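Chemist: I am sharing input07.cif, which consists of mmCIF, C-alpha atoms:
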```
data_protein
loop_
_atom_site.group_PDB
_atom_site.id
_atom_site.type_symbol
_atom_site.label_atom_id
_atom_site.label_comp_id
_atom_site.auth_asym_id
_atom_site.auth_seq_id
_atom_site.Cartn_x
_atom_site.Cartn_y
_atom_site.Cartn_z
ATOM 1 C CA MET A 1 19.869 -14.362 4.081
ATOM 2 C CA GLN A 2 19.291 -16.791 1.239
ATOM 3 C CA GLU A 3 20.517 -20.355 1.626
ATOM 4 C CA PHE A 4 23.148 -21.396 -0.900
ATOM 5 C CA ASP A 5 24.025 -24.979 -1.740
ATOM 6 C CA LYS A 6 27.393 -24.391 -3.405
ATOM 7 C CA LYS A 7 30.638 -22.828 -2.227
ATOM 8 C CA TYR A 8 31.255 -20.957 -5.504
ATOM 9 C CA TYR A 9 29.043 -19.692 -8.311
ATOM 10 C CA LYS A 10 29.916 -18.563 -11.831
ATOM 11 C CA ILE A 11 28.781 -15.184 -13.106
ATOM 12 C CA GLY A 12 25.865 -16.671 -15.074
ATOM 13 C CA ASP A 13 24.546 -18.387 -11.952
ATOM 14 C CA VAL A 14 24.787 -15.169 -9.940
ATOM 15 C CA ALA A 15 23.064 -13.182 -12.676
ATOM 16 C CA GLU A 16 20.205 -15.691 -12.674
ATOM 17 C CA ILE A 17 19.927 -15.760 -8.867
ATOM 18 C CA LEU A 18 19.752 -11.962 -8.674
ATOM 19 C CA GLY A 19 17.809 -11.388 -11.878
ATOM 20 C CA ILE A 20 20.315 -8.949 -13.360
ATOM 21 C CA PRO A 21 22.432 -9.116 -16.527
ATOM 22 C CA MET A 22 25.995 -10.413 -16.390
ATOM 23 C CA SER A 23 27.138 -7.110 -17.894
ATOM 24 C CA THR A 24 25.724 -5.299 -14.854
ATOM 25 C CA LEU A 25 27.677 -7.600 -12.531
ATOM 26 C CA ARG A 26 30.885 -6.966 -14.463
ATOM 27 C CA TYR A 27 30.278 -3.210 -14.437
ATOM 28 C CA TRP A 28 29.485 -3.110 -10.727
ATOM 29 C CA GLU A 29 32.648 -5.105 -10.065
ATOM 30 C CA SER A 30 34.631 -2.355 -11.777
ATOM 31 C CA GLN A 31 32.830 0.376 -9.809
ATOM 32 C CA PHE A 32 32.541 -1.083 -6.287
ATOM 33 C CA THR A 33 35.667 -2.015 -4.381
ATOM 34 C CA ILE A 34 33.653 -4.376 -2.156
ATOM 35 C CA ILE A 35 32.785 -6.677 -5.072
ATOM 36 C CA LYS A 36 35.850 -8.843 -5.627
ATOM 37 C CA PRO A 37 35.031 -12.363 -6.848
ATOM 38 C CA ARG A 38 37.818 -14.903 -6.972
ATOM 39 C CA ARG A 39 39.250 -15.768 -10.370
ATOM 40 C CA ASN A 40 40.944 -18.885 -11.627
ATOM 41 C CA ALA A 41 43.922 -19.100 -13.982
ATOM 42 C CA LYS A 42 41.593 -18.605 -16.985
ATOM 43 C CA ASN A 43 40.201 -15.431 -15.361
ATOM 44 C CA VAL A 44 36.773 -17.012 -14.752
ATOM 45 C CA ARG A 45 34.950 -15.314 -11.876
ATOM 46 C CA PHE A 46 33.840 -17.403 -8.899
ATOM 47 C CA TYR A 47 31.458 -15.770 -6.433
ATOM 48 C CA THR A 48 31.018 -16.957 -2.852
ATOM 49 C CA PRO A 49 27.665 -16.709 -1.059
ATOM 50 C CA ASN A 50 29.099 -13.668 0.784
ATOM 51 C CA ASP A 51 29.919 -12.036 -2.562
ATOM 52 C CA ILE A 52 26.330 -12.623 -3.665
ATOM 53 C CA GLU A 53 24.977 -11.021 -0.488
ATOM 54 C CA THR A 54 27.251 -8.018 -1.057
ATOM 55 C CA ILE A 55 25.930 -7.660 -4.597
ATOM 56 C CA ARG A 56 22.368 -7.900 -3.262
ATOM 57 C CA LYS A 57 23.151 -4.925 -0.999
ATOM 58 C CA VAL A 58 24.474 -2.960 -3.972
ATOM 59 C CA TYR A 59 21.319 -3.917 -5.888
ATOM 60 C CA TYR A 60 19.210 -2.675 -2.956
ATOM 61 C CA LEU A 61 20.993 0.683 -2.900
ATOM 62 C CA VAL A 62 21.104 1.236 -6.671
ATOM 63 C CA LYS A 63 17.940 -0.382 -7.998
ATOM 64 C CA GLU A 64 15.540 -0.232 -5.057
ATOM 65 C CA LYS A 65 16.608 2.976 -3.316
ATOM 66 C CA GLY A 66 17.555 4.665 -6.581
ATOM 67 C CA LEU A 67 21.003 5.865 -5.564
ATOM 68 C CA LYS A 68 23.589 6.654 -8.199
ATOM 69 C CA LEU A 69 26.656 4.413 -8.162
ATOM 70 C CA ASP A 70 28.929 6.968 -6.485
ATOM 71 C CA ALA A 71 26.299 7.682 -3.806
ATOM 72 C CA ALA A 72 25.856 3.962 -3.157
ATOM 73 C CA GLN A 73 29.618 3.512 -2.899
ATOM 74 C CA GLU A 74 29.762 6.417 -0.428
ATOM 75 C CA GLN A 75 26.920 4.952 1.671
ATOM 76 C CA ILE A 76 28.768 1.654 1.887
ATOM 77 C CA ARG A 77 32.063 3.351 2.717
ATOM 78 C CA VAL A 78 30.687 5.733 5.359
ATOM 79 C CA ASN A 79 27.860 3.717 6.908
ATOM 80 C CA ARG A 80 28.383 0.021 6.157
ATOM 81 C CA ASP A 81 26.676 -1.148 9.361
ATOM 82 C CA GLY A 82 23.661 1.061 8.715
ATOM 83 C CA VAL A 83 23.361 -0.184 5.138
ATOM 84 C CA ASP A 84 23.635 -3.789 6.354
ATOM 85 C CA LYS A 85 20.929 -3.290 8.987
ATOM 86 C CA ARG A 86 18.532 -1.502 6.601
ATOM 87 C CA PHE A 87 19.092 -4.178 3.979
ATOM 88 C CA GLU A 88 18.346 -6.964 6.490
ATOM 89 C CA VAL A 89 15.155 -5.225 7.649
ATOM 90 C CA VAL A 90 13.953 -4.723 4.070
ATOM 91 C CA GLU A 91 14.667 -8.378 3.247
ATOM 92 C CA LYS A 92 12.731 -9.559 6.326
ATOM 93 C CA LEU A 93 9.816 -7.296 5.407
ATOM 94 C CA LYS A 94 9.765 -8.765 1.891
ATOM 95 C CA VAL A 95 9.486 -12.272 3.376
ATOM 96 C CA ILE A 96 6.688 -11.160 5.695
ATOM 97 C CA LYS A 97 4.858 -9.501 2.793
ATOM 98 C CA ALA A 98 5.132 -12.672 0.690
ATOM 99 C CA ASP A 99 3.842 -14.759 3.609
ATOM 100 C CA LEU A 100 0.895 -12.399 4.116
ATOM 101 C CA GLN A 101 0.063 -12.438 0.410
ATOM 102 C CA GLU A 102 0.082 -16.233 0.453
ATOM 103 C CA LEU A 103 -2.173 -16.224 3.521
ATOM 104 C CA ILE A 104 -4.628 -13.855 1.823
ATOM 105 C CA LYS A 105 -4.618 -16.055 -1.256
ATOM 106 C CA SER A 106 -5.352 -19.131 0.868
ATOM 107 C CA LEU A 107 -8.169 -17.338 2.709
ATOM 108 C CA ASP A 108 -9.711 -16.273 -0.588
ATOM 109 C CA GLN A 109 -9.641 -19.868 -1.798
ATOM 110 C CA VAL A 110 -11.347 -21.064 1.412
ATOM 111 C CA ARG A 111 -14.071 -18.407 1.028
ATOM 112 C CA GLN A 112 -14.724 -19.443 -2.566
ATOM 113 C CA SER A 113 -15.089 -23.131 -1.616
#
```
Can you give me the file's structure in the form of structure tokens?
Modeler:
Amino acid sequence: MQEFDKKYYKIGDVAEILGIPMSTLRYWESQFTIIKPRRNAKNVRFYTPNDIETIRKVYYLVKEKGLKLDAAQEQIRVNRDGVDKRFEVVEKLKVIKADLQELIKSLDQVRQS
């Protein structure tokens, strides 16, 4: 899980963190019942770190696994624990892969010295 330094984030911040357009966030909010950011009196969205993690799971299902929105919604509804566990494993594997790539890069630099 990513470390967050603020309690709330605006939609632009979340879009930048996740690398997706704000329009996608707004659309997913209308399609997924689990995405419910808080809003102030001016209707500005405020996302908590938990909201961001939920959106990352939706991103995983839709963009990485290639599920259609209704199939992703169904997966979350029927098998939330399974989705959470698979998502966590994939995230850990991404970190391990990045670490290994950095190690290979360092070894290549040592060999070339």
Chemist: Of the residues A:Ala15, A:Gln109, A:Ile104, A:Tyr9, which is the one nearest to A:Val44, using all atoms listed in the file?
Modeler: A:Tyr9
Chemist: Would you mind reading off the distance between atom CA of A:Tyr59 and atom CA of A:Glu29, one decimal, in Å?
Modeler: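 So the two atoms, atom CA of A:Tyr59 and atom CA of A:Glu29, lie 12.1 Å apart.
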Chemist: Got a sec to resolve the PyMOL selection byres ((chain A and resi 26) around 12) on this structure and send the residues as number ranges by chain?
Modeler: A: 10-12, 14-15, 20-25, 27-32, 35-37, 44-45, 47, 55
Chemist: What is the atom CA of A:Lys57 to atom CA of A:Ala41 distance in Å?
Modeler: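 Interatomic distance here is 28.3 Å.
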Chemist: Any idea what's packed within 10 Å of A:Ile34, counting all atoms listed in the file, ignoring anything in its chain fewer than 6 positions away? Could you give it as an MDAnalysis selection string?
Modeler: chainID A and resid 28 51 54:55 58 73 76:77
Chemist: What is the atom CA of A:Leu69-atom CA of A:Lys97 distance in Å, reported with one decimal?
Modeler: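 Taking atom CA of A:Leu69 as the start and atom CA of A:Lys97 as the end point, the length is 28.1 Å.
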Chemist: Hey, which of A:Leu100, A:Leu61, A:Lys94, A:Arg39 ends up closest to A:Gly82? Count all atoms listed in the file.
Modeler: A:Leu61
Chemist: Considering all atoms listed in the file, state which residue in the set A:Val78, A:Ala98, A:Val89, A:Val110 is at the smallest distance from A:Tyr60.
Modeler: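 Among the listed residues, the smallest separation from A:Tyr60 belongs to A:Val89.
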Chemist: Can you pull out every residue within 12 Å of A:Lys6, counting all atoms listed in the file, but drop anything in the same chain fewer than 5 positions away, and send it as a PyMOL selection string?
Modeler: chain A and resi 13-14+46-50+52
